[in-house]
>>> print(open('entry.pdb').read())   # PDB, C-alpha atoms and all ligand atoms
MODEL        1
ATOM      1  CA  MET M   8      54.004 -46.789 -81.486
ATOM      2  CA  CYS M   9      55.941 -44.969 -78.874
ATOM      3  CA  LEU M  10      55.500 -46.349 -75.399
ATOM      4  CA  VAL M  11      57.055 -43.441 -73.565
ATOM      5  CA  VAL M  12      54.481 -41.537 -71.543
ATOM      6  CA  GLY M  13      54.613 -38.676 -69.084
ATOM      7  CA  VAL M  14      53.117 -38.793 -65.626
ATOM      8  CA  LEU M  15      50.419 -36.718 -64.006
ATOM      9  CA  ASN M  16      50.495 -36.197 -60.260
ATOM     10  CA  ALA M  17      48.237 -34.359 -57.881
ATOM     11  CA  TYR M  18      49.685 -31.742 -55.544
ATOM     12  CA  ALA M  19      47.940 -29.817 -52.812
ATOM     13  CA  CYS M  20      48.861 -26.701 -50.854
ATOM     14  CA  GLU M  21      48.895 -27.116 -47.093
ATOM     15  CA  GLY M  22      48.275 -23.397 -46.684
ATOM     16  CA  CYS M  23      45.315 -22.471 -48.893
ATOM     17  CA  GLY M  24      44.059 -25.772 -50.290
ATOM     18  CA  TYR M  25      45.030 -25.040 -53.903
ATOM     19  CA  THR M  26      45.391 -28.240 -55.916
ATOM     20  CA  ALA M  27      47.019 -28.917 -59.277
ATOM     21  CA  GLU M  28      47.510 -31.921 -61.518
ATOM     22  CA  VAL M  29      50.882 -31.586 -63.199
ATOM     23  CA  SER M  30      53.980 -33.687 -63.807
ATOM     24  CA  GLY M  31      55.818 -32.023 -60.938
ATOM     25  CA  GLY M  32      59.118 -31.520 -62.724
ATOM     26  CA  PRO M  33      60.751 -32.283 -66.053
ATOM     27  CA  ASP M  34      58.821 -34.846 -68.114
ATOM     28  CA  TYR M  35      58.618 -36.370 -71.568
ATOM     29  CA  GLY M  36      55.537 -37.678 -73.323
ATOM     30  CA  GLY M  37      57.148 -39.299 -76.364
ATOM     31  CA  ILE M  38      56.899 -36.196 -78.574
ATOM     32  CA  SER M  39      57.241 -33.226 -76.278
ATOM     33  CA  HIS M  40      59.474 -32.413 -73.334
ATOM     34  CA  THR M  41      57.760 -30.474 -70.584
ATOM     35  CA  GLN M  42      58.737 -28.768 -67.371
ATOM     36  CA  THR M  43      56.320 -27.968 -64.593
ATOM     37  CA  MET M  44      56.334 -24.242 -63.977
ATOM     38  CA  ALA M  45      54.495 -21.734 -61.850
ATOM     39  CA  CYS M  46      52.903 -18.999 -63.969
ATOM     40  CA  ARG M  47      52.945 -15.777 -61.988
ATOM     41  CA  ASN M  48      50.371 -14.330 -64.349
ATOM     42  CA  CYS M  49      47.759 -17.072 -63.823
ATOM     43  CA  GLN M  50      48.995 -18.065 -60.344
ATOM     44  CA  GLU M  51      48.693 -21.659 -61.451
ATOM     45  CA  LEU M  52      51.022 -24.602 -61.850
ATOM     46  CA  VAL M  53      51.249 -25.606 -65.484
ATOM     47  CA  ASP M  54      53.233 -28.082 -67.578
ATOM     48  CA  VAL M  55      55.079 -25.993 -70.140
ATOM     49  CA  VAL M  56      56.366 -27.546 -73.361
ATOM     50  CA  ILE M  57      60.087 -26.810 -73.545
ATOM     51  CA  ALA M  58      60.808 -28.826 -76.692
ATOM     52  CA  THR M  59      58.657 -30.750 -79.135
ATOM     53  CA  GLU M  60      59.124 -32.820 -82.258
ATOM     54  CA  GLU M  61      55.924 -31.344 -83.664
ATOM     55  CA  GLU M  62      57.599 -28.495 -85.476
ATOM     56  CA  ASP M  63      54.356 -26.873 -86.671
ATOM     57  CA  ARG M  64      53.250 -26.440 -83.105
ATOM     58  CA  ALA M  65      56.590 -25.527 -81.580
ATOM     59  CA  ARG M  66      56.492 -21.797 -82.245
ATOM     60  CA  ALA M  67      53.098 -21.451 -80.583
ATOM     61  CA  VAL M  68      53.670 -23.566 -77.500
ATOM     62  CA  VAL M  69      57.338 -23.844 -76.547
ATOM     63  CA  GLY M  70      58.189 -21.858 -73.442
ATOM     64  CA  ARG M  71      54.663 -20.498 -73.025
ATOM     65  CA  CYS M  72      52.058 -20.898 -70.319
ATOM     66  CA  PRO M  73      49.355 -23.201 -71.767
ATOM     67  CA  ARG M  74      46.684 -21.144 -69.997
ATOM     68  CA  CYS M  75      47.551 -17.540 -70.784
ATOM     69  CA  GLY M  76      50.121 -17.985 -73.553
ATOM     70  CA  ARG M  77      52.642 -15.695 -71.898
ATOM     71  CA  ALA M  78      56.302 -16.593 -71.594
ATOM     72  CA  ALA M  79      57.662 -13.877 -69.343
ATOM     73  CA  ARG M  80      56.235 -14.871 -65.997
ATOM     74  CA  LEU M  81      57.097 -18.563 -65.749
ATOM     75  CA  VAL M  82      59.387 -20.037 -63.117
ATOM     76  CA  ALA M  83      60.529 -23.651 -62.998
ATOM     77  CA  TRP M  84      58.752 -25.634 -60.299
ATOM     78  CA  GLY M  85      59.210 -29.026 -58.710
ATOM     79  CA  LYS M  86      61.689 -31.107 -56.844
ATOM     80  CA  ASP M  87      64.303 -31.238 -59.581
ATOM     81  CA  ALA M  88      63.901 -27.642 -60.686
ATOM     82  CA  GLY M  89      67.060 -25.815 -59.744
ATOM     83  CA  GLY M  90      66.099 -22.518 -61.318
ATOM     84  CA  PRO M  91      64.796 -19.336 -59.773
ATOM     85  CA  GLY M  92      61.460 -19.917 -58.129
ATOM     86  CA  ALA M  93      62.341 -23.438 -57.050
ATOM     87  CA  HIS M  94      61.693 -23.807 -53.358
ATOM     88  CA  GLU M  95      63.605 -20.875 -51.880
ATOM     89  CA  PRO M  96      63.918 -21.026 -48.117
ATOM     90  CA  ARG M  97      62.776 -17.764 -46.585
ATOM     91  CA  SER M  98      64.771 -18.004 -43.390
ATOM     92  CA  LEU M  99      67.359 -20.098 -41.604
ATOM     93  CA  GLU M 100      64.615 -21.512 -39.458
ATOM     94  CA  HIS M 101      62.690 -22.514 -42.554
ATOM     95  CA  MET M 102      65.830 -24.108 -43.986
ATOM     96  CA  LEU M 103      66.466 -26.157 -40.857
ATOM     97  CA  MET M 104      62.860 -27.280 -40.872
ATOM     98  CA  ALA M 105      63.265 -28.442 -44.451
ATOM     99  CA  VAL M 106      66.421 -30.374 -43.562
ATOM    100  CA  SER M 107      64.845 -32.135 -40.606
ATOM    101  CA  ARG M 108      61.797 -32.878 -42.723
ATOM    102  CA  SER M 109      63.884 -34.414 -45.500
ATOM    103  CA  ARG M 110      65.353 -36.838 -42.940
ATOM    104  CA  LEU M 111      61.926 -38.384 -42.507
ATOM    105  CA  ASP M 112      62.389 -40.953 -45.225
ATOM    106  CA  ALA M 113      58.944 -42.385 -44.757
ATOM    107  CA  ASP M 114      57.154 -39.061 -45.246
ATOM    108  CA  PRO M 115      54.320 -40.018 -47.621
ATOM    109  CA  HIS M 116      53.641 -36.417 -48.656
ATOM    110  CA  PRO M 117      56.973 -34.751 -49.439
ATOM    111  CA  VAL M 118      57.003 -31.031 -50.061
ATOM    112  CA  TRP M 119      57.458 -30.457 -53.771
ATOM    113  CA  GLY M 120      57.584 -26.697 -54.098
ATOM    114  CA  PRO M 121      55.951 -23.388 -53.233
ATOM    115  CA  CYS M 122      52.260 -22.707 -53.849
ATOM    116  CA  PRO M 123      51.746 -20.222 -56.723
ATOM    117  CA  LYS M 124      48.809 -18.686 -54.846
ATOM    118  CA  CYS M 125      50.054 -18.248 -51.276
ATOM    119  CA  GLY M 126      53.718 -19.373 -51.246
ATOM    120  CA  GLY M 127      52.942 -22.210 -48.824
ATOM    121  CA  ASP M 128      54.252 -25.754 -49.097
ATOM    122  CA  MET M 129      52.734 -27.917 -51.804
ATOM    123  CA  VAL M 130      52.904 -31.632 -51.179
ATOM    124  CA  PHE M 131      52.582 -34.612 -53.466
ATOM    125  CA  THR M 132      49.229 -36.246 -52.780
ATOM    126  CA  ASP M 133      48.564 -38.796 -55.493
ATOM    127  CA  SER M 134      49.579 -40.262 -58.796
ATOM    128  CA  VAL M 135      46.597 -39.587 -61.034
ATOM    129  CA  GLY M 136      47.495 -40.637 -64.521
ATOM    130  CA  MET M 137      49.659 -40.455 -67.582
ATOM    131  CA  TRP M 138      49.837 -38.341 -70.681
ATOM    132  CA  ASP M 139      51.431 -38.703 -74.083
ATOM    133  CA  GLY M 140      52.189 -36.089 -76.639
TER     134      GLY M 140
HETATM  135 ZN    ZN Z 201      48.556 -22.045 -51.194
HETATM  136 ZN    ZN Z 202      49.736 -18.227 -67.376
ENDMDL
END
>>> encode(input="entry.pdb", output="structure tokens", more="lines below")
Ligand SMILES: [Zn+2]
Ligand SMILES: [Zn+2]
Amino acid sequence: MCLVVGVLNAYACEGCGYTAEVSGGPDYGGISHTQTMACRNCQELVDVVIATEEEDRARAVVGRCPRCGRAARLVAWGKDAGGPGAHEPRSLEHMLMAVSRSRLDADPHPVWGPCPKCGGDMVFTDSVGMWDG
């Protein structure tokens, strides 16, 4: 048996109260590699399969939103996501705020990325479980 599992974390938006349970970045469940993405069609955070060893399933799931099945409106989300749609500062002021915030090492609720509903800051709130697959 494979003992590699992915993680599931809870995130909450400080602006509108939206919550999501996703990995929060790139992850691997032993069979499939996933990346947390914001689907601009669903306005939800979703874990999208980006590669899988289950070849029968690959064509149907890889690179697609697990909710709506569309591929075109996904943007990488999460702390390690460097792609378009990763936390883009909207102003210098916002950038400076982010810098001063990142200096607070003890911050228990770091900002992870933008809310897919309102664009506000989503923070890590809890570690809720694991997944494999
Ligand atoms: Zn929000
Ligand atoms: Zn979707």
>>> atom_distance(input="entry.pdb", atom1="CA of Thr59 (chain M)", atom2="CA of Asp133 (chain M)")
26.9 Å
>>> residues_near_ligand(input="entry.pdb", ligand="ligand ZN 201 (chain Z)", cutoff="8 Å", atoms="all atoms listed in the file", output="list in words")
Ala19, Cys20, Glu21, Gly22, Cys23, Gly24, Tyr25, Pro121, Cys122, Pro123, Lys124, Cys125, Gly126, Gly127, Asp128 and Met129 of chain M
>>> resolve_selection(input="entry.pdb", expression="the PyMOL selection byres (((not hetatm)) within 12 of (chain Z and resi 202))", output="PyMOL selection string")
chain M and resi 44-55+70-82+123
>>> closest_residue(input="entry.pdb", among="M:Ala27, M:Val12, M:Val130, M:Val56", to="Ser39 (chain M)", atoms="only C-alpha atoms")
M:Val56
>>> closest_residue(input="entry.pdb", among="M:Val118, M:Leu10, M:Val68, M:Ala58", to="Pro33 (chain M)", atoms="only C-alpha atoms")
M:Ala58
>>> atom_distance(input="entry.pdb", atom1="CA of His40 (chain M)", atom2="CA of Ile57 (chain M)")
5.6 Å
>>> closest_residue(input="entry.pdb", among="M:Met137, M:Tyr18, M:Thr132, M:Arg64", to="Gly120 (chain M)", atoms="only C-alpha atoms")
M:Tyr18
>>> atom_distance(input="entry.pdb", atom1="CA of Trp84 (chain M)", atom2="CA of Thr41 (chain M)")
11.4 Å
>>> resolve_selection(input="entry.pdb", expression="the PyMOL selection byres (((chain M and resi 136) around 9) and not hetatm)", output="PyMOL selection string")
chain M and resi 13-16+134-135+137-138
>>> closest_residue(input="entry.pdb", among="M:Pro117, M:Val69, M:Gly140, M:Phe131", to="Val29 (chain M)", atoms="all atoms listed in the file")
M:Phe131
>>> closest_residue(input="entry.pdb", among="M:Asp63, M:Thr43, M:Ala17, M:Ala83", to="Gly31 (chain M)", atoms="all atoms listed in the file")
M:Thr43
>>> closest_residue(input="entry.pdb", among="M:Glu60, M:Gly32, M:Ala67, M:Asp139", to="Gly85 (chain M)", atoms="only C-alpha atoms")
M:Gly32
